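Visitor: The structure's right below; bear with me while I get my questions together.
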Amino acid sequence: MLAIKGFHRLASFLSNLGAFCSAMMILFMAGMILLEIVLRSFFGTSTYMSDELVAYAVAASGLLALGYTFKTGGIIRVTLLLGGLKNYPRLRALCELVCIVLTFGAVSLLVYYMYGNVERQFLRGYTSGTMSGMPQWIPTAGALSGLIIFLIQLFSYFLETLLKGYTATDDEVSEILNIEPVVTETR
């Protein structure tokens, strides 16, 4: 059980790190856009590569935050079936486990093919072919890292659901992963 708690902590750390990197990329994007506005408005010039760099950052930041979003319950889930199984916690857990395994399989395929793409781009020295000459494995590796973090977080949730024998409530997940529950107000 200690090893599983350690794995939960690792998954939580990686998810938080991915969210932090994602936030830094969003700040980078805002800075690049502001720089481009200032350069064009006041100096009549441009970086000539801000659109490319911002596009790379958008792709990577969206995927790097995926593990954190899943961990904190921010991913939209269709709970029509699970909601009807509230009185049957073991059956609900089984359905949850099946969903996790299917998601894990689909994301694993993405990771497999994206890893092959990163490796190929690195070995062949592919660059963007634009003014920046960005090695293409760098932005692709950022996206790949986000998917790997998501897989680790999924596996952590799988283990917890498997060991508990039922689907953890939001409060229980918050307690296990040592996070503050997300509180939303409705007006």
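Residue numbering restarts at 1 for every chain of the structure tokens, chains are lettered A, B, ... in their displayed order, and ligands are numbered from 1 as they appear.
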Tell me which protein, DNA and RNA residues are within 12 Å of Phe28 in chain A, counting only C-alpha atoms, leaving out same-chain ones fewer than 3 positions away, and put them as a PyMOL selection string.
Guide: chain A and resi 21-25+31-35+50+53-58+61
Visitor: Fewer than 6 positions away in the same chain doesn't count, so skip those; otherwise give me all residues within 10 Å of Gly165 in chain A, counting only C-alpha atoms, as a list in words.
Guide: Pro89, Arg90, Leu91, Arg92, Ala93, Leu94, Leu97 and Leu159 of chain A
Visitor: Keeping only C-alpha atoms, write the selected residues as a PDB file, in the first residue's frame.
Guide:
```pdb
ATOM      1  CA  PRO A  89     -20.889   0.505  -5.838  1.00  0.00           C
ATOM      2  CA  ARG A  90     -19.061  -2.622  -7.063  1.00  0.00           C
ATOM      3  CA  LEU A  91     -20.839  -2.587 -10.424  1.00  0.00           C
ATOM      4  CA  ARG A  92     -20.172   1.132 -10.680  1.00  0.00           C
ATOM      5  CA  ALA A  93     -16.481   0.495  -9.975  1.00  0.00           C
ATOM      6  CA  LEU A  94     -16.399  -2.216 -12.639  1.00  0.00           C
ATOM      7  CA  LEU A  97     -12.514   0.385 -14.497  1.00  0.00           C
ATOM      8  CA  LEU A 159      -5.243   1.537  -8.935  1.00  0.00           C
TER       9      LEU A 159
END
```
Visitor: Might you pull out every residue within 7 Å of range 138-148 of chain A, with only C-alpha atoms counted and same-chain residues fewer than 3 positions away left off, and present them as a list of chain:residue names?
Guide: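 These residues fall inside the cut-off: A:Gly18, A:Tyr56, A:Ala59, A:Ala60, A:Leu63, A:Leu64, A:Ala65, A:Leu66, A:Val111, A:Met114, A:Tyr115, A:Val118, A:Pro135, A:Leu151, A:Ile152.
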Visitor: Store the residues of this selection in a file with C-alpha atoms, as a PDB file, in the first residue's frame.
Guide:
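Heads up, here's the output in part01.pdb:
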```
ATOM      1  CA  GLY A  18       2.650  19.609 -16.206  1.00  0.00           C
ATOM      2  CA  TYR A  56       3.583  25.079 -30.650  1.00  0.00           C
ATOM      3  CA  ALA A  59      -0.535  22.365 -28.525  1.00  0.00           C
ATOM      4  CA  ALA A  60       1.895  21.535 -25.735  1.00  0.00           C
ATOM      5  CA  LEU A  63      -1.780  18.411 -23.341  1.00  0.00           C
ATOM      6  CA  LEU A  64       0.598  19.179 -20.462  1.00  0.00           C
ATOM      7  CA  ALA A  65      -2.351  20.271 -18.304  1.00  0.00           C
ATOM      8  CA  LEU A  66      -4.409  17.157 -19.094  1.00  0.00           C
ATOM      9  CA  VAL A 111       1.691   7.866 -27.080  1.00  0.00           C
ATOM     10  CA  MET A 114       3.693  10.144 -31.125  1.00  0.00           C
ATOM     11  CA  TYR A 115       6.861   8.673 -29.589  1.00  0.00           C
ATOM     12  CA  VAL A 118       9.414  12.337 -31.991  1.00  0.00           C
ATOM     13  CA  PRO A 135      13.762  21.273 -34.424  1.00  0.00           C
ATOM     14  CA  LEU A 151      -1.418   8.053 -18.636  1.00  0.00           C
ATOM     15  CA  ILE A 152       0.342   8.017 -15.270  1.00  0.00           C
TER      16      ILE A 152
END
```
Visitor: Between CA of Ile26 in chain A and CA of Met49 in chain A, measure the distance and give it in Å to one decimal.
Guide: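 Going from CA of Ile26 in chain A over to CA of Met49 in chain A covers 16.6 Å.
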Visitor: I'd like the neighbourhood of Val101 in chain A as number ranges by chain, where a residue qualifies if any of its atoms comes within 12 Å (using only C-alpha atoms), though same-chain residues fewer than 2 positions away should be ignored.
Guide: A: 94-99, 103-108, 151, 154-159, 161-162
Visitor: Just all heavy atoms for this one: save the residues we selected as a short mmCIF file (atom, residue, chain, number, x, y, z; two decimals), in the first residue's frame.
Guide:
```
data_model
loop_
_atom_site.label_atom_id
_atom_site.label_comp_id
_atom_site.auth_asym_id
_atom_site.auth_seq_id
_atom_site.Cartn_x
_atom_site.Cartn_y
_atom_site.Cartn_z
N LEU A 94 -16.74 -1.41 -11.47
CA LEU A 94 -16.40 -2.22 -12.64
C LEU A 94 -16.57 -1.41 -13.93
O LEU A 94 -15.70 -1.44 -14.81
CB LEU A 94 -17.27 -3.48 -12.68
CG LEU A 94 -17.02 -4.42 -13.85
CD1 LEU A 94 -15.60 -4.96 -13.82
CD2 LEU A 94 -18.03 -5.55 -13.84
N CYS A 95 -17.68 -0.69 -14.03
CA CYS A 95 -17.89 0.17 -15.21
C CYS A 95 -16.81 1.24 -15.30
O CYS A 95 -16.30 1.52 -16.39
CB CYS A 95 -19.27 0.83 -15.14
SG CYS A 95 -20.62 -0.29 -15.46
N GLU A 96 -16.46 1.80 -14.17
CA GLU A 96 -15.41 2.82 -14.13
C GLU A 96 -14.07 2.23 -14.59
O GLU A 96 -13.35 2.84 -15.36
CB GLU A 96 -15.28 3.38 -12.71
CG GLU A 96 -14.33 4.52 -12.58
CD GLU A 96 -14.91 5.84 -13.03
OE1 GLU A 96 -16.13 6.00 -13.01
OE2 GLU A 96 -14.11 6.71 -13.41
N LEU A 97 -13.77 1.04 -14.11
CA LEU A 97 -12.51 0.39 -14.50
C LEU A 97 -12.48 0.10 -15.99
O LEU A 97 -11.44 0.28 -16.64
CB LEU A 97 -12.32 -0.90 -13.70
CG LEU A 97 -11.98 -0.73 -12.22
CD1 LEU A 97 -12.02 -2.07 -11.50
CD2 LEU A 97 -10.64 -0.06 -12.04
N VAL A 98 -13.59 -0.33 -16.55
CA VAL A 98 -13.66 -0.59 -17.99
C VAL A 98 -13.41 0.70 -18.76
O VAL A 98 -12.64 0.73 -19.73
CB VAL A 98 -15.01 -1.23 -18.37
CG1 VAL A 98 -15.21 -1.24 -19.88
CG2 VAL A 98 -15.11 -2.65 -17.82
N CYS A 99 -14.02 1.79 -18.31
CA CYS A 99 -13.82 3.09 -18.97
C CYS A 99 -12.35 3.54 -18.88
O CYS A 99 -11.79 4.04 -19.85
CB CYS A 99 -14.73 4.15 -18.35
SG CYS A 99 -16.46 3.92 -18.72
N THR A 103 -9.86 4.09 -22.04
CA THR A 103 -9.18 5.38 -22.21
C THR A 103 -7.67 5.19 -22.21
O THR A 103 -6.96 5.77 -23.03
CB THR A 103 -9.59 6.35 -21.08
OG1 THR A 103 -11.00 6.48 -21.08
CG2 THR A 103 -8.95 7.71 -21.27
N PHE A 104 -7.18 4.35 -21.30
CA PHE A 104 -5.75 4.08 -21.22
C PHE A 104 -5.25 3.47 -22.54
O PHE A 104 -4.19 3.85 -23.04
CB PHE A 104 -5.46 3.13 -20.05
CG PHE A 104 -4.02 3.06 -19.68
CD1 PHE A 104 -3.49 3.94 -18.76
CD2 PHE A 104 -3.18 2.11 -20.24
CE1 PHE A 104 -2.14 3.88 -18.40
CE2 PHE A 104 -1.84 2.03 -19.89
CZ PHE A 104 -1.32 2.93 -18.97
N GLY A 105 -6.03 2.56 -23.10
CA GLY A 105 -5.65 1.94 -24.37
C GLY A 105 -5.59 2.95 -25.51
O GLY A 105 -4.63 2.96 -26.29
N ALA A 106 -6.61 3.81 -25.59
CA ALA A 106 -6.64 4.82 -26.66
C ALA A 106 -5.47 5.80 -26.53
O ALA A 106 -4.79 6.12 -27.51
CB ALA A 106 -7.97 5.56 -26.63
N VAL A 107 -5.22 6.27 -25.32
CA VAL A 107 -4.13 7.23 -25.11
C VAL A 107 -2.78 6.55 -25.29
O VAL A 107 -1.84 7.16 -25.81
CB VAL A 107 -4.25 7.91 -23.73
CG1 VAL A 107 -3.08 8.83 -23.45
CG2 VAL A 107 -5.56 8.69 -23.64
N SER A 108 -2.68 5.28 -24.93
CA SER A 108 -1.43 4.54 -25.14
C SER A 108 -1.10 4.45 -26.62
O SER A 108 0.08 4.54 -27.01
CB SER A 108 -1.52 3.13 -24.55
OG SER A 108 -1.62 3.19 -23.16
N LEU A 151 -1.39 9.51 -18.83
CA LEU A 151 -1.42 8.05 -18.64
C LEU A 151 -1.06 7.67 -17.20
O LEU A 151 -1.69 6.78 -16.61
CB LEU A 151 -0.44 7.37 -19.60
CG LEU A 151 -0.90 7.11 -21.01
CD1 LEU A 151 0.20 6.44 -21.82
CD2 LEU A 151 -2.16 6.28 -21.04
N LEU A 154 -3.98 8.48 -15.04
CA LEU A 154 -5.04 7.49 -15.27
C LEU A 154 -4.74 6.19 -14.53
O LEU A 154 -5.63 5.60 -13.92
CB LEU A 154 -5.15 7.18 -16.76
CG LEU A 154 -6.19 7.90 -17.58
CD1 LEU A 154 -6.05 7.51 -19.05
CD2 LEU A 154 -7.59 7.66 -17.10
N PHE A 155 -3.51 5.75 -14.60
CA PHE A 155 -3.13 4.50 -13.93
C PHE A 155 -3.26 4.64 -12.41
O PHE A 155 -3.70 3.72 -11.72
CB PHE A 155 -1.71 4.08 -14.31
CG PHE A 155 -1.34 2.72 -13.82
CD1 PHE A 155 -1.97 1.60 -14.32
CD2 PHE A 155 -0.38 2.56 -12.84
CE1 PHE A 155 -1.65 0.32 -13.86
CE2 PHE A 155 -0.05 1.29 -12.37
CZ PHE A 155 -0.69 0.17 -12.88
N SER A 156 -2.92 5.80 -11.89
CA SER A 156 -3.07 6.06 -10.46
C SER A 156 -4.55 5.96 -10.07
O SER A 156 -4.88 5.34 -9.04
CB SER A 156 -2.52 7.45 -10.14
OG SER A 156 -2.76 7.79 -8.80
N TYR A 157 -5.41 6.54 -10.86
CA TYR A 157 -6.86 6.48 -10.59
C TYR A 157 -7.37 5.04 -10.73
O TYR A 157 -8.20 4.59 -9.95
CB TYR A 157 -7.60 7.42 -11.54
CG TYR A 157 -9.08 7.50 -11.29
CD1 TYR A 157 -9.57 8.03 -10.10
CD2 TYR A 157 -9.98 7.05 -12.24
CE1 TYR A 157 -10.93 8.11 -9.88
CE2 TYR A 157 -11.34 7.12 -12.02
CZ TYR A 157 -11.81 7.66 -10.84
OH TYR A 157 -13.16 7.74 -10.60
N PHE A 158 -6.84 4.32 -11.70
CA PHE A 158 -7.21 2.91 -11.89
C PHE A 158 -6.88 2.10 -10.64
O PHE A 158 -7.69 1.32 -10.14
CB PHE A 158 -6.49 2.34 -13.11
CG PHE A 158 -6.70 0.87 -13.31
CD1 PHE A 158 -7.83 0.40 -13.96
CD2 PHE A 158 -5.77 -0.05 -12.85
CE1 PHE A 158 -8.03 -0.96 -14.14
CE2 PHE A 158 -5.95 -1.41 -13.02
CZ PHE A 158 -7.09 -1.87 -13.67
N LEU A 159 -5.66 2.27 -10.14
CA LEU A 159 -5.24 1.54 -8.94
C LEU A 159 -6.14 1.85 -7.75
O LEU A 159 -6.55 0.96 -7.00
CB LEU A 159 -3.79 1.87 -8.59
CG LEU A 159 -2.72 1.29 -9.48
CD1 LEU A 159 -1.35 1.81 -9.06
CD2 LEU A 159 -2.76 -0.23 -9.45
N THR A 161 -9.25 2.98 -7.76
CA THR A 161 -10.59 2.42 -7.97
C THR A 161 -10.57 0.92 -7.78
O THR A 161 -11.48 0.35 -7.17
CB THR A 161 -11.10 2.77 -9.38
OG1 THR A 161 -11.07 4.20 -9.54
CG2 THR A 161 -12.51 2.29 -9.60
N LEU A 162 -9.53 0.25 -8.26
CA LEU A 162 -9.41 -1.20 -8.14
C LEU A 162 -9.28 -1.61 -6.67
O LEU A 162 -9.93 -2.55 -6.21
CB LEU A 162 -8.21 -1.68 -8.94
CG LEU A 162 -7.99 -3.19 -9.01
CD1 LEU A 162 -9.12 -3.84 -9.78
CD2 LEU A 162 -6.66 -3.48 -9.68
#
```
Visitor: For Ser15 in chain A, which residue among A:Tyr48, A:Phe43, A:Phe70, A:Tyr88 is the nearest when counting only C-alpha atoms?
Guide: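 Closest to Ser15 in chain A of all the choices is A:Phe70.
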Visitor: Work out how far apart CA of Gln121 in chain A and CA of Gly133 in chain A are and give it in Å to one decimal.
Guide: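 Atom-to-atom, CA of Gln121 in chain A to CA of Gly133 in chain A, that is 13.1 Å.
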Visitor: I need the helix (DSSP H, G or I) residues of range 9-102 of chain A per DSSP on the backbone, written as a PyMOL selection string.
Guide: chain A and resi 9-42+50-64+66-71+80-83+89-102
Visitor: For Gly67 in chain A, which of A:Ile37, A:Leu102, A:Leu17, A:Met1 is the closest residue, counting only C-alpha atoms?
Guide: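 Looking at the shortest contact to Gly67 in chain A, the residue is A:Leu17.
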